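Below is the file query-v8.cif, which contains mmCIF, C-alpha atoms.
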```cif
data_work
#
loop_
_atom_site.group_PDB
_atom_site.id
_atom_site.type_symbol
_atom_site.label_atom_id
_atom_site.label_comp_id
_atom_site.auth_asym_id
_atom_site.auth_seq_id
_atom_site.Cartn_x
_atom_site.Cartn_y
_atom_site.Cartn_z
ATOM 1 C CA MET A 1 25.581 2.705 12.878
ATOM 2 C CA ASN A 2 25.085 5.497 10.360
ATOM 3 C CA ARG A 3 23.787 5.002 6.864
ATOM 4 C CA GLN A 4 27.123 5.330 5.103
ATOM 5 C CA ASN A 5 28.746 2.655 7.262
ATOM 6 C CA PHE A 6 25.811 0.348 6.675
ATOM 7 C CA LEU A 7 26.010 0.804 2.893
ATOM 8 C CA GLU A 8 29.739 0.038 2.990
ATOM 9 C CA LEU A 9 29.016 -3.225 4.827
ATOM 10 C CA LEU A 10 26.225 -4.019 2.375
ATOM 11 C CA THR A 11 28.659 -3.469 -0.509
ATOM 12 C CA LEU A 12 31.065 -5.982 1.035
ATOM 13 C CA LYS A 13 28.166 -8.392 1.640
ATOM 14 C CA ILE A 14 27.122 -8.327 -2.010
ATOM 15 C CA SER A 15 30.764 -8.637 -3.128
ATOM 16 C CA GLY A 16 31.288 -11.649 -0.846
ATOM 17 C CA GLU A 17 34.058 -9.926 1.109
ATOM 18 C CA LEU A 18 32.385 -9.504 4.483
ATOM 19 C CA SER A 19 34.600 -10.685 7.346
ATOM 20 C CA ALA A 20 33.219 -12.436 10.436
ATOM 21 C CA PRO A 21 33.364 -9.290 12.645
ATOM 22 C CA GLN A 22 31.807 -7.235 9.836
ATOM 23 C CA GLN A 23 29.075 -9.855 9.420
ATOM 24 C CA GLN A 24 28.244 -9.464 13.097
ATOM 25 C CA GLN A 25 28.059 -5.687 12.741
ATOM 26 C CA PHE A 26 25.873 -6.119 9.650
ATOM 27 C CA ASP A 27 23.472 -8.479 11.456
ATOM 28 C CA GLU A 28 23.235 -6.133 14.453
ATOM 29 C CA ALA A 29 22.439 -3.208 12.158
ATOM 30 C CA LEU A 30 19.655 -5.186 10.483
ATOM 31 C CA ALA A 31 18.213 -6.266 13.815
ATOM 32 C CA SER A 32 18.085 -2.724 15.177
ATOM 33 C CA ASN A 33 16.919 -0.741 12.143
ATOM 34 C CA LYS A 34 13.839 -1.503 10.001
ATOM 35 C CA GLU A 35 15.014 0.887 7.286
ATOM 36 C CA TYR A 36 18.288 -1.061 6.923
ATOM 37 C CA GLN A 37 16.250 -4.284 6.756
ATOM 38 C CA LEU A 38 14.195 -2.859 3.907
ATOM 39 C CA ILE A 39 17.280 -1.863 1.913
ATOM 40 C CA ALA A 40 19.029 -5.187 2.493
ATOM 41 C CA ASP A 41 15.953 -7.213 1.553
ATOM 42 C CA GLY A 42 15.429 -5.173 -1.579
ATOM 43 C CA LEU A 43 19.026 -5.595 -2.759
ATOM 44 C CA LEU A 44 19.927 -9.071 -1.528
ATOM 45 C CA TYR A 45 16.661 -10.880 -2.217
ATOM 46 C CA ASP A 46 14.377 -8.767 -4.360
ATOM 47 C CA ALA A 47 16.295 -6.106 -6.263
ATOM 48 C CA PRO A 48 14.008 -3.316 -7.576
ATOM 49 C CA GLN A 49 13.225 -3.881 -11.249
ATOM 50 C CA GLU A 50 12.723 -0.212 -11.921
ATOM 51 C CA VAL A 51 16.382 0.657 -11.186
ATOM 52 C CA ALA A 52 17.990 1.357 -14.564
ATOM 53 C CA GLU A 53 21.756 1.433 -15.025
ATOM 54 C CA PRO A 54 22.930 5.062 -15.154
ATOM 55 C CA GLU A 55 25.686 6.264 -17.446
ATOM 56 C CA GLN A 56 28.353 6.159 -14.757
ATOM 57 C CA LEU A 57 27.462 2.564 -13.893
ATOM 58 C CA GLN A 58 27.551 1.534 -17.566
ATOM 59 C CA SER A 59 30.989 3.129 -17.896
ATOM 60 C CA ILE A 60 32.235 1.076 -14.969
ATOM 61 C CA TRP A 61 30.910 -2.149 -16.512
ATOM 62 C CA ASP A 62 32.563 -1.190 -19.820
ATOM 63 C CA ASN A 63 35.886 -0.815 -18.033
ATOM 64 C CA ILE A 64 35.422 -4.202 -16.389
ATOM 65 C CA ALA A 65 34.751 -5.815 -19.767
ATOM 66 C CA ILE A 66 37.868 -4.235 -21.286
ATOM 67 C CA ALA A 67 40.006 -5.401 -18.391
ATOM 68 C CA GLU A 68 38.652 -8.952 -18.637
ATOM 69 C CA ASN A 69 38.859 -9.279 -22.428
ATOM 70 C CA GLU A 70 42.148 -7.449 -22.971
ATOM 71 C CA PRO A 71 44.503 -8.483 -20.141
ATOM 72 C CA GLU A 72 47.433 -6.688 -21.742
ATOM 73 C CA LYS A 73 45.639 -3.376 -21.201
ATOM 74 C CA LYS A 74 45.218 -3.872 -17.463
ATOM 75 C CA PHE A 75 48.198 -1.586 -16.863
ATOM 76 C CA ARG A 76 45.948 1.311 -17.933
ATOM 77 C CA TYR A 77 44.012 1.013 -14.663
ATOM 78 C CA SER A 78 45.380 1.914 -11.299
ATOM 79 C CA PHE A 79 43.143 -0.595 -9.455
ATOM 80 C CA PRO A 80 42.142 -4.232 -10.078
ATOM 81 C CA VAL A 81 38.959 -5.522 -11.698
ATOM 82 C CA LYS A 82 37.600 -6.594 -8.287
ATOM 83 C CA TYR A 83 37.684 -2.958 -7.237
ATOM 84 C CA PHE A 84 35.652 -1.984 -10.294
ATOM 85 C CA VAL A 85 33.099 -4.619 -9.296
ATOM 86 C CA ARG A 86 32.900 -3.155 -5.812
ATOM 87 C CA ILE A 87 32.405 0.333 -7.243
ATOM 88 C CA ALA A 88 29.656 -0.955 -9.533
ATOM 89 C CA VAL A 89 27.941 -2.678 -6.628
ATOM 90 C CA ALA A 90 28.269 0.467 -4.546
ATOM 91 C CA VAL A 91 26.662 2.560 -7.280
ATOM 92 C CA VAL A 92 23.783 0.096 -7.513
ATOM 93 C CA ILE A 93 23.402 0.230 -3.742
ATOM 94 C CA MET A 94 23.370 4.012 -3.612
ATOM 95 C CA ILE A 95 20.766 4.254 -6.381
ATOM 96 C CA SER A 96 18.614 1.387 -5.122
ATOM 97 C CA ALA A 97 18.905 2.430 -1.501
ATOM 98 C CA GLY A 98 17.690 5.897 -2.356
ATOM 99 C CA ILE A 99 14.579 4.489 -4.025
ATOM 100 C CA LEU A 100 13.959 1.983 -1.233
ATOM 101 C CA TRP A 101 14.477 4.685 1.384
ATOM 102 C CA GLN A 102 11.865 6.872 -0.296
ATOM 103 C CA LYS A 103 9.463 3.947 -0.539
ATOM 104 C CA TYR A 104 9.912 3.128 3.138
ATOM 105 C CA HIS A 105 9.224 6.652 4.311
ATOM 106 C CA ALA A 106 6.286 7.002 1.908
ATOM 107 C CA ALA A 107 4.785 3.830 3.386
ATOM 108 C CA THR A 108 5.387 4.735 7.020
ATOM 109 C CA ALA A 109 4.730 8.468 6.906
ATOM 110 C CA PRO A 110 1.434 9.370 8.555
ATOM 111 C CA THR A 111 -1.311 9.910 5.993
ATOM 112 C CA GLN A 112 -2.950 13.309 6.029
ATOM 113 C CA SER A 113 -6.187 12.811 7.920
ATOM 114 C CA LEU A 114 -9.493 14.670 7.825
ATOM 115 C CA SER A 115 -12.024 14.545 10.643
ATOM 116 C CA ILE A 116 -15.775 14.819 11.152
ATOM 117 C CA ASN A 117 -16.994 15.338 14.711
ATOM 118 C CA ALA A 118 -20.708 15.034 15.445
ATOM 119 C CA ALA A 119 -20.327 16.691 18.876
ATOM 120 C CA ASN A 120 -23.772 17.007 20.494
ATOM 121 C CA HIS A 121 -25.869 16.402 17.396
ATOM 122 C CA LYS A 122 -26.363 13.687 14.807
ATOM 123 C CA LEU A 123 -24.661 14.470 11.541
ATOM 124 C CA TYR A 124 -25.228 13.424 7.939
ATOM 125 C CA GLN A 125 -22.219 13.637 5.604
ATOM 126 C CA THR A 126 -21.347 12.571 2.058
ATOM 127 C CA LEU A 127 -17.686 11.811 1.340
ATOM 128 C CA ASP A 128 -15.924 12.507 -1.948
ATOM 129 C CA ASP A 129 -16.545 9.013 -3.366
ATOM 130 C CA GLY A 130 -20.299 9.262 -2.728
ATOM 131 C CA THR A 131 -20.301 7.192 0.469
ATOM 132 C CA THR A 132 -22.874 8.552 2.913
ATOM 133 C CA ILE A 133 -22.381 8.501 6.667
ATOM 134 C CA TYR A 134 -24.825 9.051 9.511
ATOM 135 C CA LEU A 135 -22.759 9.953 12.561
ATOM 136 C CA ASN A 136 -24.386 9.646 15.973
ATOM 137 C CA ASN A 137 -23.984 12.033 18.917
ATOM 138 C CA ARG A 138 -20.461 12.401 20.282
ATOM 139 C CA SER A 139 -19.029 10.247 17.493
ATOM 140 C CA VAL A 140 -15.943 11.007 15.413
ATOM 141 C CA ILE A 141 -14.452 9.664 12.194
ATOM 142 C CA HIS A 142 -11.013 10.243 10.710
ATOM 143 C CA TYR A 143 -10.438 9.511 7.028
ATOM 144 C CA ASN A 144 -7.631 9.928 4.513
ATOM 145 C CA ALA A 145 -7.289 12.893 2.187
ATOM 146 C CA ASP A 146 -8.197 12.203 -1.479
ATOM 147 C CA PHE A 147 -10.675 9.674 -0.163
ATOM 148 C CA GLY A 148 -11.753 7.228 -2.854
ATOM 149 C CA LYS A 149 -9.023 7.919 -5.405
ATOM 150 C CA ALA A 150 -6.448 5.310 -4.425
ATOM 151 C CA LYS A 151 -7.339 4.607 -0.811
ATOM 152 C CA ARG A 152 -10.350 4.559 1.507
ATOM 153 C CA GLU A 153 -9.504 4.367 5.219
ATOM 154 C CA ILE A 154 -11.812 5.409 8.062
ATOM 155 C CA SER A 155 -11.287 5.258 11.821
ATOM 156 C CA LEU A 156 -14.439 5.424 13.922
ATOM 157 C CA GLN A 157 -15.079 6.310 17.533
ATOM 158 C CA GLY A 158 -18.718 5.986 18.568
ATOM 159 C CA GLU A 159 -21.546 4.981 16.227
ATOM 160 C CA ALA A 160 -22.131 5.440 12.521
ATOM 161 C CA PHE A 161 -24.247 4.074 9.710
ATOM 162 C CA PHE A 162 -22.349 3.676 6.424
ATOM 163 C CA ASP A 163 -23.910 3.450 2.977
ATOM 164 C CA VAL A 164 -20.795 2.726 0.951
ATOM 165 C CA THR A 165 -20.369 3.472 -2.745
ATOM 166 C CA LYS A 166 -19.242 0.319 -4.530
ATOM 167 C CA ASN A 167 -15.685 0.381 -5.870
ATOM 168 C CA ALA A 168 -14.075 -3.032 -6.320
ATOM 169 C CA ASP A 169 -10.719 -1.446 -7.139
ATOM 170 C CA VAL A 170 -10.596 0.650 -3.950
ATOM 171 C CA PRO A 171 -12.101 -1.277 -1.026
ATOM 172 C CA LEU A 172 -13.013 0.623 2.116
ATOM 173 C CA PHE A 173 -11.415 -0.270 5.448
ATOM 174 C CA ILE A 174 -13.086 0.882 8.651
ATOM 175 C CA HIS A 175 -11.059 0.621 11.846
ATOM 176 C CA VAL A 176 -12.958 0.550 15.125
ATOM 177 C CA GLY A 177 -11.468 -0.637 18.381
ATOM 178 C CA ALA A 178 -9.201 -3.598 17.653
ATOM 179 C CA ILE A 179 -11.035 -4.754 14.517
ATOM 180 C CA THR A 180 -11.054 -3.788 10.850
ATOM 181 C CA ILE A 181 -14.063 -4.028 8.530
ATOM 182 C CA GLU A 182 -13.374 -4.473 4.809
ATOM 183 C CA VAL A 183 -16.133 -3.161 2.550
ATOM 184 C CA LYS A 184 -16.563 -2.959 -1.213
ATOM 185 C CA GLY A 185 -20.089 -1.598 -1.403
ATOM 186 C CA THR A 186 -22.775 -2.133 1.191
ATOM 187 C CA ALA A 187 -24.781 -0.629 4.063
ATOM 188 C CA PHE A 188 -24.245 -1.372 7.735
ATOM 189 C CA ASN A 189 -24.241 0.104 11.223
ATOM 190 C CA VAL A 190 -21.250 0.105 13.579
ATOM 191 C CA LEU A 191 -21.514 0.817 17.297
ATOM 192 C CA GLU A 192 -18.470 0.975 19.565
ATOM 193 C CA HIS A 193 -18.922 0.533 23.326
ATOM 194 C CA ARG A 194 -15.539 1.868 24.430
ATOM 195 C CA GLU A 195 -16.023 1.248 28.144
ATOM 196 C CA GLN A 196 -17.042 -2.384 27.600
ATOM 197 C CA LYS A 197 -14.453 -2.807 24.823
ATOM 198 C CA GLN A 198 -17.172 -4.176 22.573
ATOM 199 C CA VAL A 199 -18.165 -3.493 18.954
ATOM 200 C CA GLU A 200 -21.509 -4.267 17.287
ATOM 201 C CA ILE A 201 -21.817 -4.521 13.500
ATOM 202 C CA ALA A 202 -25.246 -4.841 11.881
ATOM 203 C CA LEU A 203 -25.218 -5.579 8.144
ATOM 204 C CA ILE A 204 -28.232 -4.390 6.154
ATOM 205 C CA ARG A 205 -27.174 -5.303 2.616
ATOM 206 C CA GLY A 206 -24.098 -6.413 0.698
ATOM 207 C CA LYS A 207 -21.242 -8.253 2.336
ATOM 208 C CA ILE A 208 -18.373 -7.327 4.623
ATOM 209 C CA GLU A 209 -15.409 -9.101 6.187
ATOM 210 C CA VAL A 210 -14.147 -8.492 9.703
ATOM 211 C CA SER A 211 -10.544 -9.032 10.795
ATOM 212 C CA GLY A 212 -8.945 -8.757 14.225
ATOM 213 C CA THR A 213 -11.615 -10.852 15.962
ATOM 214 C CA PRO A 214 -10.369 -12.703 19.086
ATOM 215 C CA GLY A 215 -8.886 -16.131 18.423
ATOM 216 C CA GLN A 216 -9.086 -15.793 14.633
ATOM 217 C CA ASP A 217 -6.261 -15.265 12.162
ATOM 218 C CA LYS A 218 -8.574 -14.966 9.144
ATOM 219 C CA ASN A 219 -11.340 -12.628 8.027
ATOM 220 C CA ILE A 220 -14.869 -13.429 9.205
ATOM 221 C CA PRO A 221 -17.602 -12.777 6.576
ATOM 222 C CA LEU A 222 -20.902 -11.202 7.547
ATOM 223 C CA ASN A 223 -24.043 -11.575 5.422
ATOM 224 C CA PRO A 224 -27.141 -9.361 5.180
ATOM 225 C CA HIS A 225 -29.447 -9.334 8.209
ATOM 226 C CA GLN A 226 -26.706 -10.543 10.501
ATOM 227 C CA LYS A 227 -25.214 -8.853 13.527
ATOM 228 C CA MET A 228 -21.716 -9.451 14.885
ATOM 229 C CA ILE A 229 -20.833 -8.644 18.481
ATOM 230 C CA VAL A 230 -17.102 -8.564 19.173
ATOM 231 C CA SER A 231 -15.704 -8.360 22.698
ATOM 232 C CA ALA A 232 -12.127 -8.417 23.951
ATOM 233 C CA THR A 233 -12.130 -12.217 24.228
ATOM 234 C CA SER A 234 -14.785 -13.554 21.832
ATOM 235 C CA TYR A 235 -17.290 -12.825 19.087
ATOM 236 C CA GLN A 236 -20.723 -14.062 18.075
ATOM 237 C CA ILE A 237 -22.965 -13.719 15.018
ATOM 238 C CA LEU A 238 -26.703 -13.294 15.499
ATOM 239 C CA ALA A 239 -29.690 -13.154 13.140
ATOM 240 C CA LEU A 240 -31.127 -9.680 12.609
ATOM 241 C CA ASP A 241 -34.861 -9.791 11.924
ATOM 242 C CA THR A 242 -36.927 -6.878 10.612
ATOM 243 C CA ILE A 243 -37.894 -5.579 14.035
ATOM 244 C CA LYS A 244 -34.340 -5.699 15.419
ATOM 245 C CA GLN A 245 -32.973 -4.104 12.249
ATOM 246 C CA ALA A 246 -35.460 -1.231 12.497
ATOM 247 C CA ALA A 247 -34.562 -0.718 16.149
ATOM 248 C CA THR A 248 -30.848 -0.665 15.289
ATOM 249 C CA LEU A 249 -31.360 2.073 12.685
ATOM 250 C CA GLN A 250 -33.988 4.134 14.453
ATOM 251 C CA TRP A 251 -31.436 6.723 15.520
ATOM 252 C CA THR A 252 -30.700 7.540 11.843
ATOM 253 C CA ARG A 253 -34.313 8.683 11.414
ATOM 254 C CA ASP A 254 -34.207 11.114 14.315
ATOM 255 C CA SER A 255 -33.020 14.725 14.036
ATOM 256 C CA LEU A 256 -29.961 15.104 11.842
ATOM 257 C CA VAL A 257 -27.715 18.018 10.890
ATOM 258 C CA PHE A 258 -26.397 18.449 7.345
ATOM 259 C CA LYS A 259 -23.970 21.042 6.007
ATOM 260 C CA LYS A 260 -23.522 22.081 2.375
ATOM 261 C CA GLU A 261 -24.973 18.818 1.090
ATOM 262 C CA LYS A 262 -25.864 18.530 -2.577
ATOM 263 C CA LEU A 263 -29.542 17.800 -3.042
ATOM 264 C CA ILE A 264 -28.718 14.606 -4.942
ATOM 265 C CA ASN A 265 -27.037 13.341 -1.773
ATOM 266 C CA LEU A 266 -29.583 14.828 0.580
ATOM 267 C CA VAL A 267 -32.471 12.878 -0.946
ATOM 268 C CA ILE A 268 -30.842 9.685 0.373
ATOM 269 C CA LEU A 269 -31.302 11.046 3.878
ATOM 270 C CA LEU A 270 -34.893 12.082 3.163
ATOM 271 C CA GLU A 271 -35.734 8.715 1.597
ATOM 272 C CA ARG A 272 -34.436 6.831 4.610
ATOM 273 C CA LYS A 273 -36.103 9.091 7.158
ATOM 274 C CA TYR A 274 -39.515 9.283 5.509
ATOM 275 C CA GLN A 275 -39.525 5.898 3.728
ATOM 276 C CA VAL A 276 -40.278 7.391 0.312
ATOM 277 C CA LYS A 277 -38.787 7.418 -3.183
ATOM 278 C CA ILE A 278 -37.545 10.829 -4.366
ATOM 279 C CA GLU A 279 -36.853 11.771 -7.988
ATOM 280 C CA ILE A 280 -35.186 15.027 -9.064
ATOM 281 C CA HIS A 281 -36.230 16.143 -12.564
ATOM 282 C CA ASN A 282 -33.916 19.147 -12.691
ATOM 283 C CA GLU A 283 -30.214 18.489 -13.393
ATOM 284 C CA LYS A 284 -28.996 21.850 -12.061
ATOM 285 C CA LEU A 285 -30.996 21.417 -8.886
ATOM 286 C CA LYS A 286 -29.249 18.135 -8.109
ATOM 287 C CA LEU A 287 -25.973 19.965 -7.452
ATOM 288 C CA LYS A 288 -27.402 22.797 -5.332
ATOM 289 C CA GLN A 289 -26.132 22.713 -1.742
ATOM 290 C CA PHE A 290 -28.286 22.912 1.351
ATOM 291 C CA SER A 291 -27.572 23.192 5.073
ATOM 292 C CA GLY A 292 -29.985 22.707 7.924
ATOM 293 C CA VAL A 293 -31.471 20.476 10.599
ATOM 294 C CA ILE A 294 -34.239 17.912 10.250
ATOM 295 C CA LYS A 295 -35.940 17.155 13.565
ATOM 296 C CA ASN A 296 -39.510 15.949 13.861
ATOM 297 C CA GLU A 297 -40.911 17.733 10.811
ATOM 298 C CA GLN A 298 -43.306 16.046 8.446
ATOM 299 C CA LEU A 299 -42.034 15.376 4.912
ATOM 300 C CA THR A 300 -43.820 18.412 3.473
ATOM 301 C CA GLU A 301 -42.435 20.617 6.267
ATOM 302 C CA ALA A 302 -38.917 19.423 5.530
ATOM 303 C CA LEU A 303 -39.278 20.068 1.800
ATOM 304 C CA ASP A 304 -40.761 23.515 2.409
ATOM 305 C CA ALA A 305 -37.827 24.351 4.666
ATOM 306 C CA LEU A 306 -35.377 23.355 1.928
ATOM 307 C CA LYS A 307 -37.209 25.603 -0.524
ATOM 308 C CA LEU A 308 -36.265 28.616 1.600
ATOM 309 C CA SER A 309 -32.614 28.116 0.587
ATOM 310 C CA TYR A 310 -33.283 27.525 -3.105
ATOM 311 C CA PRO A 311 -36.754 27.591 -4.703
ATOM 312 C CA PHE A 312 -38.122 24.459 -6.319
ATOM 313 C CA ASN A 313 -41.446 22.713 -6.823
ATOM 314 C CA TYR A 314 -42.409 19.249 -5.671
ATOM 315 C CA ALA A 315 -45.337 16.859 -5.907
ATOM 316 C CA ILE A 316 -46.093 13.848 -3.735
ATOM 317 C CA SER A 317 -48.006 10.812 -5.000
ATOM 318 C CA ASN A 318 -48.338 7.899 -2.620
ATOM 319 C CA LYS A 319 -44.728 7.078 -1.651
ATOM 320 C CA THR A 320 -43.044 8.964 -4.506
ATOM 321 C CA VAL A 321 -41.808 12.566 -4.418
ATOM 322 C CA ILE A 322 -41.064 14.429 -7.647
ATOM 323 C CA ILE A 323 -38.834 17.512 -7.308
ATOM 324 C CA LYS A 324 -38.661 19.949 -10.237
#
```
Represent the structure of the file as structure tokens.
Amino acid sequence: MNRQNFLELLTLKISGELSAPQQQQFDEALASNKEYQLIADGLLYDAPQEVAEPEQLQSIWDNIAIAENEPEKKFRYSFPVKYFVRIAVAVVIMISAGILWQKYHAATAPTQSLSINAANHKLYQTLDDGTTIYLNNRSVIHYNADFGKAKREISLQGEAFFDVTKNADVPLFIHVGAITIEVKGTAFNVLEHREQKQVEIALIRGKIEVSGTPGQDKNIPLNPHQKMIVSATSYQILALDTIKQAATLQWTRDSLVFKKEKLINLVILLERKYQVKIEIHNEKLKLKQFSGVIKNEQLTEALDALKLSYPFNYAISNKTVIIK
């Protein structure tokens, strides 16, 4: 059934003039087309509040009022009041259906996706909202364009460590395998074993909720220093002591590649790798971008290498680094 025929049936449905055969056609159209279901639901049960009456619709209602209040003037119209009602309903349908149709396609259209592929090296990346990601070898993420503005969606294949910028208004959803992790601001590691159809989630700080776990129809919370292992048929939550946590994150301290990273973001990587606190006392320097690879260099070697791209001075005192 084409759209015009469906709207004609919907007009009759709203007007209460749908015959039994037409009702069957209407029901079959709803059952076979999700777009028709959306329009019917929006008009029959939850009419859009934002649909204002246009001038032509107001004119029709004015004519109906005249015909009802001044019966002697009915001869001025070539069709009965009921027909005016049907026209008014049809106008509402055409306007509302257009809005609902746009909403449906906006909701179902594939979101523009950006990708980061670590290939054969470990990669460090900062997203637009400030969230930092360590991506392990042969791992890939896909995330939505305009990340952090109104939506934060990431799909992961492989392993990644996420240090998520807190934003209560725009929670982050990470999809891996059959599960989804909801995050509002925290740090955790996710490892997907695709062959075994198993996912491991190790939470370092904050709090996350996991949905899609086998046998559960609700979100499962995970607290700091806990590890969740999800298989195709079950899940379990284990304690994560200091030694196990360090072992889980050891790969993030190995060689990492970074590309056009602002120094203010790059110090997060350096702090984690070398277990130090880094302060930048130069506002312009914070926004300078650096690219390179950190392998097994000492802290001073890494800082000296960065200085080759843009000169700066630094001083180290105990576990604190001051960059000027």
For the structure shown, which residues end up in the PyMOL selection byres ((chain A and resi 253-260) around 6)? Put them as an NGL selection string, please?
:A and (122-124 or 250-252 or 261 or 273 or 289-295)
Just want the 8 Å neighbourhood of region 197-203 of chain A, counted on only C-alpha atoms, with same-chain residues fewer than 6 positions away dropped. Output as a ChimeraX atom specification.
/A:176-177,187-191,222-232,240,245,248
If we count only C-alpha atoms and set the cut-off at 7 Å, which residues sit around region 133-141 of chain A, ignoring sequence neighbours fewer than 3 positions away in its own chain? Please answer as a list in words.
Ser115, Ile116, Asn117, Ala118, Ala119, Asn120, His121, Lys122, Leu123, Tyr124, Gln125, Thr126, Ile154, Ser155, Leu156, Gln157, Gly158, Glu159, Ala160, Phe161, Phe162, Asp163 and Thr252 of chain A
Same residues, C-alpha atoms, output as a PDB file, in the frame of the given file:
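Written output follows (result_24.pdb):
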```pdb
ATOM      1  CA  SER A 115     -12.024  14.545  10.643  1.00  0.00           C
ATOM      2  CA  ILE A 116     -15.775  14.819  11.152  1.00  0.00           C
ATOM      3  CA  ASN A 117     -16.994  15.338  14.711  1.00  0.00           C
ATOM      4  CA  ALA A 118     -20.708  15.034  15.445  1.00  0.00           C
ATOM      5  CA  ALA A 119     -20.327  16.691  18.876  1.00  0.00           C
ATOM      6  CA  ASN A 120     -23.772  17.007  20.494  1.00  0.00           C
ATOM      7  CA  HIS A 121     -25.869  16.402  17.396  1.00  0.00           C
ATOM      8  CA  LYS A 122     -26.363  13.687  14.807  1.00  0.00           C
ATOM      9  CA  LEU A 123     -24.661  14.470  11.541  1.00  0.00           C
ATOM     10  CA  TYR A 124     -25.228  13.424   7.939  1.00  0.00           C
ATOM     11  CA  GLN A 125     -22.219  13.637   5.604  1.00  0.00           C
ATOM     12  CA  THR A 126     -21.347  12.571   2.058  1.00  0.00           C
ATOM     13  CA  ILE A 154     -11.812   5.409   8.062  1.00  0.00           C
ATOM     14  CA  SER A 155     -11.287   5.258  11.821  1.00  0.00           C
ATOM     15  CA  LEU A 156     -14.439   5.424  13.922  1.00  0.00           C
ATOM     16  CA  GLN A 157     -15.079   6.310  17.533  1.00  0.00           C
ATOM     17  CA  GLY A 158     -18.718   5.986  18.568  1.00  0.00           C
ATOM     18  CA  GLU A 159     -21.546   4.981  16.227  1.00  0.00           C
ATOM     19  CA  ALA A 160     -22.131   5.440  12.521  1.00  0.00           C
ATOM     20  CA  PHE A 161     -24.247   4.074   9.710  1.00  0.00           C
ATOM     21  CA  PHE A 162     -22.349   3.676   6.424  1.00  0.00           C
ATOM     22  CA  ASP A 163     -23.910   3.450   2.977  1.00  0.00           C
ATOM     23  CA  THR A 252     -30.700   7.540  11.843  1.00  0.00           C
TER      24      THR A 252
END
```
Rounded to one decimal place, report the CA of Gln196 (chain A)-CA of Thr132 (chain A) distance in Å.
27.6 Å
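One finds CA of Glu301 (chain A) at 17.9 Å from CA of Ile280 (chain A).
Put simply, CA of Tyr235 (chain A) is 27.4 Å away from CA of Thr165 (chain A).
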Could you name the residues that touch Gly130 (chain A) at 12 Å or less, counting only C-alpha atoms, but leaving out those on the same chain fewer than 5 positions away, as a PyMOL selection string?
chain A and resi 125+147-149+152+162-167+185+261-262+264-266+268
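In terms of minimum interatomic distance to Lys13 (chain A), A:Ala40 ranks closest within A:Leu269, A:Ala40, A:Ala29, A:Ile322, counting only C-alpha atoms.
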